[in-house]
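Peer 1: Here you go, model-v1.cif (mmCIF, C-alpha atoms):
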```
data_model
#
loop_
_atom_site.group_PDB
_atom_site.id
_atom_site.type_symbol
_atom_site.label_atom_id
_atom_site.label_comp_id
_atom_site.auth_asym_id
_atom_site.auth_seq_id
_atom_site.Cartn_x
_atom_site.Cartn_y
_atom_site.Cartn_z
ATOM 1 C CA MET R 1 0.000 0.000 0.000
ATOM 2 C CA LYS R 2 1.362 3.369 -1.030
ATOM 3 C CA LYS R 3 1.891 6.064 1.546
ATOM 4 C CA GLN R 4 -1.021 8.469 1.799
ATOM 5 C CA LYS R 5 -1.689 11.795 3.456
ATOM 6 C CA ARG R 6 -4.716 13.958 4.056
ATOM 7 C CA GLU R 7 -4.804 17.720 4.018
ATOM 8 C CA PHE R 8 -7.688 19.941 4.955
ATOM 9 C CA LYS R 9 -8.047 23.008 2.818
ATOM 10 C CA ILE R 10 -10.902 25.332 1.955
ATOM 11 C CA PHE R 11 -11.005 27.230 -1.276
ATOM 12 C CA THR R 12 -13.925 29.584 -1.743
ATOM 13 C CA ILE R 13 -15.898 29.592 -4.968
ATOM 14 C CA ALA R 14 -13.692 31.983 -6.900
ATOM 15 C CA GLU R 15 -10.419 30.415 -5.823
ATOM 16 C CA TYR R 16 -10.166 27.634 -8.375
ATOM 17 C CA GLU R 17 -6.858 29.059 -9.676
ATOM 18 C CA GLN R 18 -5.373 28.869 -6.187
ATOM 19 C CA GLU R 19 -6.692 25.317 -5.862
ATOM 20 C CA GLN R 20 -5.128 24.312 -9.185
ATOM 21 C CA ASP R 21 -1.800 25.813 -8.083
ATOM 22 C CA TYR R 22 -2.017 24.025 -4.746
ATOM 23 C CA LEU R 23 -2.618 20.634 -6.385
ATOM 24 C CA ARG R 24 0.202 21.229 -8.877
ATOM 25 C CA SER R 25 2.658 22.141 -6.112
ATOM 26 C CA GLN R 26 1.675 18.997 -4.166
ATOM 27 C CA HIS R 27 2.410 16.855 -7.219
ATOM 28 C CA GLN R 28 5.759 18.619 -7.656
ATOM 29 C CA LYS R 29 6.553 17.551 -4.100
ATOM 30 C CA GLY R 30 5.623 13.947 -4.882
ATOM 31 C CA TRP R 31 1.984 13.842 -3.798
ATOM 32 C CA LYS R 32 -0.702 13.120 -6.336
ATOM 33 C CA LEU R 33 -4.364 13.815 -5.682
ATOM 34 C CA VAL R 34 -6.562 10.715 -5.431
ATOM 35 C CA HIS R 35 -9.710 11.869 -3.689
ATOM 36 C CA LEU R 36 -11.573 14.837 -2.311
ATOM 37 C CA THR R 37 -14.165 14.646 0.465
ATOM 38 C CA PHE R 38 -16.554 17.302 1.699
ATOM 39 C CA PRO R 39 -15.890 19.961 2.915
ATOM 40 C CA GLY R 40 -12.283 20.012 1.738
ATOM 41 C CA ILE R 41 -10.280 16.959 2.723
ATOM 42 C CA TYR R 42 -7.706 16.246 0.028
ATOM 43 C CA LEU R 43 -6.344 12.731 -0.071
ATOM 44 C CA PHE R 44 -2.909 12.399 -1.671
ATOM 45 C CA GLU R 45 -0.807 9.377 -2.537
ATOM 46 C CA ALA R 46 2.986 9.329 -2.661
ATOM 47 C CA CYS R 47 4.323 9.366 -6.232
ATOM 48 C CA GLU R 48 7.281 10.429 -8.352
ATOM 49 C CA LYS R 49 7.939 14.152 -8.153
ATOM 50 C CA GLU R 50 6.600 15.587 -11.371
ATOM 51 C CA ASP R 51 5.290 18.836 -12.807
ATOM 52 C CA VAL R 52 1.634 18.085 -13.467
ATOM 53 C CA VAL R 53 -0.927 20.744 -14.331
ATOM 54 C CA TYR R 54 -4.321 20.470 -12.596
ATOM 55 C CA GLN R 55 -7.444 22.035 -14.078
ATOM 56 C CA LEU R 56 -11.071 22.428 -13.034
ATOM 57 C CA ASP R 57 -14.126 22.624 -15.246
ATOM 58 C CA TYR R 58 -17.644 23.216 -13.969
ATOM 59 C CA HIS R 59 -21.007 21.963 -15.136
ATOM 60 C CA GLN R 60 -23.927 22.049 -12.752
ATOM 61 C CA GLN R 61 -24.854 18.400 -13.144
ATOM 62 C CA GLY R 62 -21.267 17.243 -13.169
ATOM 63 C CA LEU R 63 -20.141 15.503 -16.287
ATOM 64 C CA GLY R 64 -18.335 12.435 -15.063
ATOM 65 C CA SER R 65 -21.274 10.366 -16.244
ATOM 66 C CA GLN R 66 -20.984 11.749 -19.758
ATOM 67 C CA GLU R 67 -18.497 9.460 -21.388
ATOM 68 C CA THR R 68 -18.137 11.555 -24.522
ATOM 69 C CA TYR R 69 -17.188 14.617 -22.461
ATOM 70 C CA VAL R 70 -14.545 12.823 -20.424
ATOM 71 C CA ASN R 71 -13.312 11.065 -23.530
ATOM 72 C CA MET R 72 -12.719 14.345 -25.355
ATOM 73 C CA PHE R 73 -10.404 15.422 -22.532
ATOM 74 C CA LYS R 74 -8.699 12.042 -22.604
ATOM 75 C CA ASP R 75 -8.113 12.372 -26.349
ATOM 76 C CA CYS R 76 -6.387 15.682 -25.648
ATOM 77 C CA GLY R 77 -4.171 14.033 -23.050
ATOM 78 C CA TRP R 78 -6.011 15.126 -19.906
ATOM 79 C CA GLU R 79 -6.605 12.522 -17.218
ATOM 80 C CA TYR R 80 -10.053 12.791 -15.627
ATOM 81 C CA LEU R 81 -10.016 12.322 -11.863
ATOM 82 C CA PHE R 82 -13.494 12.830 -10.427
ATOM 83 C CA ASP R 83 -16.419 15.217 -10.018
ATOM 84 C CA PHE R 84 -16.894 17.230 -6.852
ATOM 85 C CA PHE R 85 -20.081 19.316 -6.530
ATOM 86 C CA GLY R 86 -20.231 20.055 -10.226
ATOM 87 C CA TYR R 87 -16.500 20.592 -10.609
ATOM 88 C CA SER R 88 -14.598 18.115 -12.783
ATOM 89 C CA TYR R 89 -10.926 17.622 -11.978
ATOM 90 C CA PHE R 90 -8.351 17.008 -14.718
ATOM 91 C CA ARG R 91 -4.573 16.764 -14.852
ATOM 92 C CA LYS R 92 -1.879 16.552 -17.503
ATOM 93 C CA SER R 93 1.879 16.335 -17.127
ATOM 94 C CA ALA R 94 3.675 19.502 -18.216
ATOM 95 C CA ALA R 95 6.300 17.436 -20.065
ATOM 96 C CA SER R 96 3.670 16.109 -22.490
ATOM 97 C CA MET R 97 2.417 19.594 -23.343
ATOM 98 C CA GLN R 98 3.177 21.745 -26.321
ATOM 99 C CA GLY R 99 4.102 24.922 -24.494
ATOM 100 C CA LYS R 100 1.620 26.039 -21.862
ATOM 101 C CA GLU R 101 -1.676 24.179 -22.003
ATOM 102 C CA GLU R 102 -4.904 24.727 -20.129
ATOM 103 C CA ILE R 103 -8.350 23.221 -20.632
ATOM 104 C CA PHE R 104 -9.596 26.605 -21.861
ATOM 105 C CA CYS R 105 -7.700 28.280 -24.680
ATOM 106 C CA ASP R 106 -9.500 31.596 -24.942
ATOM 107 C CA GLU R 107 -10.969 34.200 -22.630
ATOM 108 C CA ALA R 108 -14.469 33.746 -24.031
ATOM 109 C CA SER R 109 -14.623 30.149 -22.812
ATOM 110 C CA ARG R 110 -13.005 31.099 -19.485
ATOM 111 C CA LEU R 111 -15.745 33.683 -18.975
ATOM 112 C CA ALA R 112 -18.376 31.106 -19.912
ATOM 113 C CA PHE R 113 -16.878 28.813 -17.249
ATOM 114 C CA ILE R 114 -17.113 31.571 -14.618
ATOM 115 C CA GLY R 115 -20.685 32.197 -15.765
ATOM 116 C CA ARG R 116 -21.556 28.524 -15.148
ATOM 117 C CA VAL R 117 -19.966 28.658 -11.692
ATOM 118 C CA PHE R 118 -21.918 31.830 -10.926
ATOM 119 C CA LYS R 119 -25.218 30.275 -11.939
ATOM 120 C CA GLY R 120 -24.594 26.959 -10.218
ATOM 121 C CA ARG R 121 -22.890 28.086 -7.027
ATOM 122 C CA MET R 122 -23.282 31.814 -6.447
ATOM 123 C CA VAL R 123 -26.982 32.206 -7.229
ATOM 124 C CA PRO R 124 -28.095 29.705 -4.534
ATOM 125 C CA LEU R 125 -25.750 31.419 -2.058
ATOM 126 C CA LEU R 126 -27.131 34.831 -2.936
ATOM 127 C CA ILE R 127 -30.684 33.602 -2.434
ATOM 128 C CA LEU R 128 -29.746 32.152 0.961
ATOM 129 C CA PHE R 129 -27.964 35.380 1.837
ATOM 130 C CA PHE R 130 -30.847 37.706 1.085
ATOM 131 C CA LEU R 131 -33.701 35.464 2.229
ATOM 132 C CA VAL R 132 -32.153 34.001 5.382
ATOM 133 C CA ILE R 133 -28.885 35.485 6.569
ATOM 134 C CA ILE R 134 -29.734 39.187 6.182
ATOM 135 C CA PRO R 135 -33.283 39.010 7.690
ATOM 136 C CA GLN R 136 -32.020 36.847 10.557
ATOM 137 C CA THR R 137 -29.181 39.247 11.308
ATOM 138 C CA ILE R 138 -31.534 42.210 11.368
ATOM 139 C CA LEU R 139 -33.902 40.275 13.608
ATOM 140 C CA GLN R 140 -31.096 39.456 16.049
ATOM 141 C CA ILE R 141 -29.829 43.034 16.092
ATOM 142 C CA SER R 142 -33.275 44.447 16.788
ATOM 143 C CA ASN R 143 -33.861 41.851 19.522
ATOM 144 C CA PRO R 144 -30.871 42.119 21.838
ATOM 145 C CA GLY R 145 -31.101 40.686 25.274
ATOM 146 C CA SER R 146 -30.338 37.260 26.623
ATOM 147 C CA ASP R 147 -27.046 35.447 26.000
ATOM 148 C CA PRO R 148 -28.346 32.786 23.613
ATOM 149 C CA HIS R 149 -29.577 35.635 21.465
ATOM 150 C CA ARG R 150 -26.214 37.266 21.515
ATOM 151 C CA ALA R 151 -24.537 34.044 20.470
ATOM 152 C CA LEU R 152 -26.933 33.815 17.530
ATOM 153 C CA LEU R 153 -26.238 37.419 16.645
ATOM 154 C CA TYR R 154 -22.492 36.727 16.556
ATOM 155 C CA PHE R 155 -23.102 33.638 14.478
ATOM 156 C CA TYR R 156 -25.066 35.613 11.904
ATOM 157 C CA LEU R 157 -22.566 38.456 11.877
ATOM 158 C CA ILE R 158 -19.812 35.946 11.143
ATOM 159 C CA MET R 159 -21.962 34.500 8.366
ATOM 160 C CA VAL R 160 -22.479 37.953 6.864
ATOM 161 C CA ALA R 161 -18.732 38.599 6.963
ATOM 162 C CA PHE R 162 -17.999 35.204 5.398
ATOM 163 C CA TYR R 163 -20.571 35.714 2.660
ATOM 164 C CA ALA R 164 -19.289 39.220 1.965
ATOM 165 C CA TYR R 165 -15.782 37.787 1.642
ATOM 166 C CA VAL R 166 -16.923 35.112 -0.830
ATOM 167 C CA PHE R 167 -18.910 37.631 -2.912
ATOM 168 C CA ILE R 168 -16.075 40.129 -3.058
ATOM 169 C CA ARG R 169 -13.556 37.437 -4.046
ATOM 170 C CA PHE R 170 -15.878 36.275 -6.772
ATOM 171 C CA ALA R 171 -16.470 39.801 -8.060
ATOM 172 C CA LEU R 172 -12.733 40.529 -8.098
ATOM 173 C CA GLN R 173 -11.967 37.290 -9.920
ATOM 174 C CA TYR R 174 -14.670 38.029 -12.461
ATOM 175 C CA ARG R 175 -13.309 41.532 -13.006
ATOM 176 C CA THR R 176 -9.780 40.217 -13.532
ATOM 177 C CA LEU R 177 -11.043 37.791 -16.156
ATOM 178 C CA ARG R 178 -13.127 40.448 -17.865
ATOM 179 C CA ASN R 179 -10.158 42.796 -18.006
ATOM 180 C CA ARG R 180 -8.024 40.060 -19.525
ATOM 181 C CA ALA R 181 -10.733 39.435 -22.120
ATOM 182 C CA ASP R 182 -11.136 43.097 -23.167
ATOM 183 C CA MET H 1 -30.342 34.602 -39.057
ATOM 184 C CA ASP H 2 -31.885 36.226 -35.980
ATOM 185 C CA ALA H 3 -30.458 38.983 -33.783
ATOM 186 C CA HIS H 4 -29.201 36.572 -31.100
ATOM 187 C CA ILE H 5 -27.135 34.528 -33.544
ATOM 188 C CA ARG H 6 -25.775 37.686 -35.136
ATOM 189 C CA LYS H 7 -24.815 39.139 -31.762
ATOM 190 C CA VAL H 8 -23.100 36.013 -30.494
ATOM 191 C CA TYR H 9 -21.411 34.743 -33.641
ATOM 192 C CA VAL H 10 -20.649 37.772 -35.825
ATOM 193 C CA PRO H 11 -17.783 38.239 -35.195
ATOM 194 C CA MET H 12 -16.944 34.932 -33.534
ATOM 195 C CA THR H 13 -13.899 33.670 -31.657
ATOM 196 C CA GLU H 14 -11.008 32.166 -33.562
ATOM 197 C CA THR H 15 -11.817 28.771 -32.033
ATOM 198 C CA GLY H 16 -15.438 29.091 -33.092
ATOM 199 C CA PHE H 17 -14.438 29.932 -36.631
ATOM 200 C CA TYR H 18 -12.127 26.935 -36.944
ATOM 201 C CA ILE H 19 -14.756 24.606 -35.507
ATOM 202 C CA LEU H 20 -17.326 25.681 -38.083
ATOM 203 C CA LEU H 21 -14.741 25.545 -40.840
ATOM 204 C CA CYS H 22 -13.842 21.952 -39.934
ATOM 205 C CA LEU H 23 -17.452 20.811 -39.520
ATOM 206 C CA GLN H 24 -18.171 21.378 -43.186
ATOM 207 C CA GLN H 25 -17.219 17.711 -43.085
ATOM 208 C CA GLU H 26 -18.654 15.526 -40.335
ATOM 209 C CA MET H 27 -16.145 15.148 -37.555
ATOM 210 C CA HIS H 28 -15.729 14.470 -33.836
ATOM 211 C CA GLY H 29 -14.139 16.814 -31.301
ATOM 212 C CA TYR H 30 -10.612 15.472 -31.235
ATOM 213 C CA SER H 31 -10.318 15.323 -35.011
ATOM 214 C CA ILE H 32 -11.192 19.041 -35.039
ATOM 215 C CA VAL H 33 -8.267 19.638 -32.660
ATOM 216 C CA GLN H 34 -5.928 17.650 -34.921
ATOM 217 C CA LYS H 35 -7.132 19.267 -38.113
ATOM 218 C CA VAL H 36 -6.784 22.807 -36.732
ATOM 219 C CA ARG H 37 -3.309 21.974 -35.469
ATOM 220 C CA ASP H 38 -2.338 20.798 -38.972
ATOM 221 C CA LEU H 39 -4.016 23.731 -40.720
ATOM 222 C CA THR H 40 -2.157 26.254 -38.549
ATOM 223 C CA ASP H 41 1.221 24.434 -38.391
ATOM 224 C CA GLY H 42 0.750 23.760 -34.701
ATOM 225 C CA GLU H 43 0.088 27.429 -33.979
ATOM 226 C CA ILE H 44 -3.437 26.888 -32.652
ATOM 227 C CA LEU H 45 -4.161 24.130 -30.191
ATOM 228 C CA ILE H 46 -7.828 24.011 -29.206
ATOM 229 C CA SER H 47 -8.315 22.972 -25.574
ATOM 230 C CA PRO H 48 -10.973 20.412 -24.650
ATOM 231 C CA GLY H 49 -12.896 22.672 -22.235
ATOM 232 C CA THR H 50 -13.210 25.383 -24.866
ATOM 233 C CA LEU H 51 -14.073 22.832 -27.536
ATOM 234 C CA TYR H 52 -16.750 21.138 -25.462
ATOM 235 C CA GLY H 53 -18.304 24.496 -24.508
ATOM 236 C CA SER H 54 -18.337 25.693 -28.128
ATOM 237 C CA LEU H 55 -19.769 22.467 -29.509
ATOM 238 C CA SER H 56 -22.625 22.350 -26.984
ATOM 239 C CA LYS H 57 -23.427 26.021 -27.511
ATOM 240 C CA MET H 58 -23.348 25.771 -31.294
ATOM 241 C CA GLU H 59 -25.502 22.664 -31.182
ATOM 242 C CA LYS H 60 -28.027 24.448 -28.955
ATOM 243 C CA ASP H 61 -28.066 27.450 -31.282
ATOM 244 C CA GLY H 62 -28.536 25.220 -34.319
ATOM 245 C CA LEU H 63 -25.245 26.002 -36.079
ATOM 246 C CA ILE H 64 -24.170 22.371 -35.997
ATOM 247 C CA ARG H 65 -25.991 19.109 -35.445
ATOM 248 C CA PHE H 66 -25.104 15.896 -33.677
ATOM 249 C CA ILE H 67 -25.092 13.002 -36.129
ATOM 250 C CA ARG H 68 -24.069 9.897 -34.260
ATOM 251 C CA GLU H 69 -21.763 8.497 -31.612
ATOM 252 C CA GLU H 70 -18.755 6.384 -32.483
ATOM 253 C CA GLU H 71 -16.416 4.870 -29.877
ATOM 254 C CA LYS H 72 -17.552 7.336 -27.201
ATOM 255 C CA ARG H 73 -17.051 10.266 -29.542
ATOM 256 C CA LYS H 74 -19.848 12.522 -30.725
ATOM 257 C CA ILE H 75 -19.785 13.311 -34.426
ATOM 258 C CA TYR H 76 -21.117 16.665 -35.598
ATOM 259 C CA GLU H 77 -21.818 18.408 -38.868
ATOM 260 C CA ILE H 78 -22.558 22.018 -39.859
ATOM 261 C CA THR H 79 -26.211 23.015 -40.548
ATOM 262 C CA SER H 80 -27.512 25.464 -43.156
ATOM 263 C CA LEU H 81 -27.642 28.155 -40.453
ATOM 264 C CA GLY H 82 -24.022 27.329 -39.582
ATOM 265 C CA ILE H 83 -23.017 27.692 -43.233
ATOM 266 C CA GLU H 84 -24.725 31.073 -43.339
ATOM 267 C CA VAL H 85 -22.877 32.261 -40.225
ATOM 268 C CA LEU H 86 -19.582 30.903 -41.534
ATOM 269 C CA GLN H 87 -20.098 32.738 -44.815
ATOM 270 C CA LYS H 88 -20.689 36.008 -42.926
ATOM 271 C CA GLU H 89 -17.462 35.483 -40.997
ATOM 272 C CA LYS H 90 -15.492 34.644 -44.124
ATOM 273 C CA GLU H 91 -16.668 37.885 -45.732
ATOM 274 C CA ARG H 92 -15.772 39.865 -42.624
ATOM 275 C CA ILE H 93 -12.293 38.349 -42.447
ATOM 276 C CA ALA H 94 -11.738 38.840 -46.195
ATOM 277 C CA ARG H 95 -12.659 42.499 -45.833
ATOM 278 C CA LEU H 96 -10.300 42.797 -42.843
ATOM 279 C CA TYR H 97 -7.494 41.294 -44.900
ATOM 280 C CA ARG H 98 -8.194 43.521 -47.927
ATOM 281 C CA THR H 99 -8.229 46.638 -45.758
ATOM 282 C CA MET H 100 -4.958 45.607 -44.168
ATOM 283 C CA GLN H 101 -3.334 45.123 -47.569
ATOM 284 C CA GLU H 102 -4.609 48.446 -48.883
ATOM 285 C CA GLU H 103 -3.389 50.315 -45.828
ATOM 286 C CA GLN H 104 0.080 48.843 -46.203
ATOM 287 C CA GLU H 105 0.526 50.121 -49.716
#
```
Transcribe the structure of this file into structure tokens.

Peer 2:
Amino acid sequence: MKKQKREFKIFTIAEYEQEQDYLRSQHQKGWKLVHLTFPGIYLFEACEKEDVVYQLDYHQQGLGSQETYVNMFKDCGWEYLFDFFGYSYFRKSAASMQGKEEIFCDEASRLAFIGRVFKGRMVPLLILFFLVIIPQTILQISNPGSDPHRALLYFYLIMVAFYAYVFIRFALQYRTLRNRAD
Amino acid sequence: MDAHIRKVYVPMTETGFYILLCLQQEMHGYSIVQKVRDLTDGEILISPGTLYGSLSKMEKDGLIRFIREEEKRKIYEITSLGIEVLQKEKERIARLYRTMQEEQE
């Protein structure tokens, strides 16, 4: 049995580039990704140190079940790993590439990818934010008093801060991509 | 050709143009990649994520149609609407090229 290790890491919605870099640097150190468990437990297996590029695609239903989709990536030399909440994970060794390769080759398709992520992941979060988190926070603020209430208030304030962070990151990432495309 | 098609595909991306150009013959995704690589002396390498996105969008918009599946590969072909769009693009690019030549003189 090969040596394995687990690492816990959270990447927010817009941080797929950071995640790709993280997985690539792990492989360079001799750890290849084998599995990912909710909420962010990465399982690695010891391997030869190698420069391998990791890439994420996103389709709401996940596309692992679509053989023709996975096969198209395979034809182009990308190994399909697994789906995780709509994200499909691929990797390809840098040595087998012609120059720098990514699974998207123009900004239009990169923007379309971000658009799919927005629809699939951000829209539900936004709905939750405006229908639950914000009203609950206001309710807690206008109803101060006993300690359990205060604890709830802090909880919701933390949620608001966390959501704000995720939204801002996403907006910034989107702006960067847009600027690159213009 | 309706306003939506015109807005999205005229002008179109370089990848989109090559895909339509190739699909004048029936072909599957990876053979498009190979053909474009040959046509451009390795200059343009279409990536699978971009290719998949373009093919599904063009199929939805009726520019190409799915014909059959062979060995886990979907084979597509251009439609009459696709030919019309391609023709528009060819004219646009030809005009671009002519203008460039004239300006150089």

Peer 1: Which of these residues is nearest to Leu157 in chain R, using only C-alpha atoms: R:Gln61, R:Thr37, R:Ile134, R:Ala14?

Peer 2: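 For Leu157 in chain R, the nearest of the given residues is R:Ile134.
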
Peer 1: Pull out every residue that the PyMOL selection byres ((chain R) within 9 of (chain H)) matches in the shown coordinates and put them as a compact mmCIF listing (two decimals) with C-alpha atoms, in the frame of the given file.

Peer 2:
```txt
# COMPACT_ATOMS: atom_id res chain seq x y z
CA ASP R 57 -14.13 22.62 -15.25
CA GLU R 67 -18.50 9.46 -21.39
CA THR R 68 -18.14 11.56 -24.52
CA TYR R 69 -17.19 14.62 -22.46
CA ASN R 71 -13.31 11.06 -23.53
CA MET R 72 -12.72 14.34 -25.36
CA PHE R 73 -10.40 15.42 -22.53
CA LYS R 74 -8.70 12.04 -22.60
CA ASP R 75 -8.11 12.37 -26.35
CA CYS R 76 -6.39 15.68 -25.65
CA TRP R 78 -6.01 15.13 -19.91
CA GLN R 98 3.18 21.74 -26.32
CA GLU R 101 -1.68 24.18 -22.00
CA GLU R 102 -4.90 24.73 -20.13
CA ILE R 103 -8.35 23.22 -20.63
CA PHE R 104 -9.60 26.60 -21.86
CA CYS R 105 -7.70 28.28 -24.68
CA ASP R 106 -9.50 31.60 -24.94
CA ALA R 108 -14.47 33.75 -24.03
CA SER R 109 -14.62 30.15 -22.81
CA ARG R 110 -13.00 31.10 -19.48
CA ALA R 112 -18.38 31.11 -19.91
CA PHE R 113 -16.88 28.81 -17.25
```

Peer 1: Please provide as a ChimeraX atom specification all residues within 10 Å of range 78-88 of chain H, with the sequence filter that same-chain residues fewer than 6 positions apart are discarded (counting all atoms listed in the file).

Peer 2: /H:1,5-6,9-12,16-27,58-59,61-66,94

Peer 1: I'd like the neighbourhood of Ala161 in chain R as a PDB file with C-alpha atoms, keeping the file's coordinate frame, where a residue qualifies if any of its atoms comes within 12 Å (using all atoms listed in the file), though same-chain residues fewer than 6 positions away should be ignored.

Peer 2:
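Result written to out.pdb:
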```pdb
ATOM      1  CA  PHE R 129     -27.964  35.380   1.837  1.00  0.00           C
ATOM      2  CA  ILE R 133     -28.885  35.485   6.569  1.00  0.00           C
ATOM      3  CA  ILE R 134     -29.734  39.187   6.182  1.00  0.00           C
ATOM      4  CA  THR R 137     -29.181  39.247  11.308  1.00  0.00           C
ATOM      5  CA  TYR R 154     -22.492  36.727  16.556  1.00  0.00           C
ATOM      6  CA  PHE R 155     -23.102  33.638  14.478  1.00  0.00           C
ATOM      7  CA  PHE R 167     -18.910  37.631  -2.912  1.00  0.00           C
ATOM      8  CA  ILE R 168     -16.075  40.129  -3.058  1.00  0.00           C
TER       9      ILE R 168
END
```

Peer 1: Counting all atoms listed in the file, which of R:Ala151, R:Ala164, R:Met1, R:Ile138 gets nearest to Leu126 in chain R?

Peer 2: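 The closest residue to Leu126 in chain R is R:Ala164.
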
Peer 1: What is the distance, in Å and to one decimal place, between CA of Gln140 in chain R and CA of Tyr156 in chain R?

Peer 2: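 Taking CA of Gln140 in chain R and CA of Tyr156 in chain R, their separation equals 8.3 Å.
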
Peer 1: Expand the PyMOL selection byres ((chain R and resi 178) around 12) into the individual residues it matches in the shown file, reporting them as a PyMOL selection string.

Peer 2: chain R and resi 106-112+114-115+171-177+179-182

Peer 1: List as a short mmCIF file (atom, residue, chain, number, x, y, z; two decimals) with C-alpha atoms, in the coordinates of the input: which residues have an atom within 12 Å of (-0.9, 19.8, -15.0), counting all atoms listed in the file?

Peer 2:
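Contents of point-v7.cif, freshly written:
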```
data_model
loop_
_atom_site.label_atom_id
_atom_site.label_comp_id
_atom_site.auth_asym_id
_atom_site.auth_seq_id
_atom_site.Cartn_x
_atom_site.Cartn_y
_atom_site.Cartn_z
CA GLN R 20 -5.13 24.31 -9.18
CA ASP R 21 -1.80 25.81 -8.08
CA TYR R 22 -2.02 24.02 -4.75
CA LEU R 23 -2.62 20.63 -6.38
CA ARG R 24 0.20 21.23 -8.88
CA SER R 25 2.66 22.14 -6.11
CA GLN R 26 1.68 19.00 -4.17
CA HIS R 27 2.41 16.86 -7.22
CA GLN R 28 5.76 18.62 -7.66
CA LYS R 32 -0.70 13.12 -6.34
CA LEU R 33 -4.36 13.82 -5.68
CA GLU R 50 6.60 15.59 -11.37
CA ASP R 51 5.29 18.84 -12.81
CA VAL R 52 1.63 18.08 -13.47
CA VAL R 53 -0.93 20.74 -14.33
CA TYR R 54 -4.32 20.47 -12.60
CA GLN R 55 -7.44 22.04 -14.08
CA LEU R 56 -11.07 22.43 -13.03
CA GLY R 77 -4.17 14.03 -23.05
CA TRP R 78 -6.01 15.13 -19.91
CA GLU R 79 -6.60 12.52 -17.22
CA TYR R 80 -10.05 12.79 -15.63
CA TYR R 89 -10.93 17.62 -11.98
CA PHE R 90 -8.35 17.01 -14.72
CA ARG R 91 -4.57 16.76 -14.85
CA LYS R 92 -1.88 16.55 -17.50
CA SER R 93 1.88 16.34 -17.13
CA ALA R 94 3.68 19.50 -18.22
CA ALA R 95 6.30 17.44 -20.07
CA SER R 96 3.67 16.11 -22.49
CA MET R 97 2.42 19.59 -23.34
CA GLY R 99 4.10 24.92 -24.49
CA LYS R 100 1.62 26.04 -21.86
CA GLU R 101 -1.68 24.18 -22.00
CA GLU R 102 -4.90 24.73 -20.13
CA ILE R 103 -8.35 23.22 -20.63
#
```

Peer 1: What is the CA of Ile127 in chain R to CA of Glu17 in chain R distance in Å?

Peer 2: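 We find that CA of Ile127 in chain R and CA of Glu17 in chain R lie 25.3 Å from each other.
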
Peer 1: Extract, using only C-alpha atoms, all DNA, RNA and protein residues at most 6 Å from Gly40 in chain R, discarding same-chain residues fewer than 5 positions from it, and format them as a short mmCIF file (atom, residue, chain, number, x, y, z; two decimals) with C-alpha atoms, in the coordinates of the input.

Peer 2:
```cif
data_model
loop_
_atom_site.label_atom_id
_atom_site.label_comp_id
_atom_site.auth_asym_id
_atom_site.auth_seq_id
_atom_site.Cartn_x
_atom_site.Cartn_y
_atom_site.Cartn_z
CA PHE R 8 -7.69 19.94 4.96
CA LYS R 9 -8.05 23.01 2.82
CA ILE R 10 -10.90 25.33 1.96
#
```

Peer 1: Pick out the closest residue to Val8 in chain H from this set: H:Lys57, H:Asp38, H:Arg95, H:Glu43. Count all atoms listed in the file.

Peer 2: H:Lys57

Peer 1: If you measure from CA of Arg92 in chain H to CA of Lys35 in chain H, what distance in Å do you get, rounded to one decimal?

Peer 2: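 A separation of 22.8 Å between them.
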
Peer 1: Can you work out which one of H:Ile32, H:His4, H:Gln101, H:Leu39 has the shortest atom-to-atom distance to Glu77 in chain H, counting all atoms listed in the file?

Peer 2: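 Smallest distance to Glu77 in chain H is found for H:Ile32.
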
Peer 1: Which residue gives the smallest distance to Val160 in chain R among R:Ile41, R:Leu36, R:Ala46, R:Val132, with all atoms listed in the file counted?

Peer 2: R:Val132

Peer 1: Here is a test: counting all atoms listed in the file, which residue of R:Gln4, R:Arg116, R:Phe130, R:Gln136 is nearest to Leu152 in chain R?

Peer 2: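 That would be R:Gln136, the residue with the smallest distance to Leu152 in chain R.
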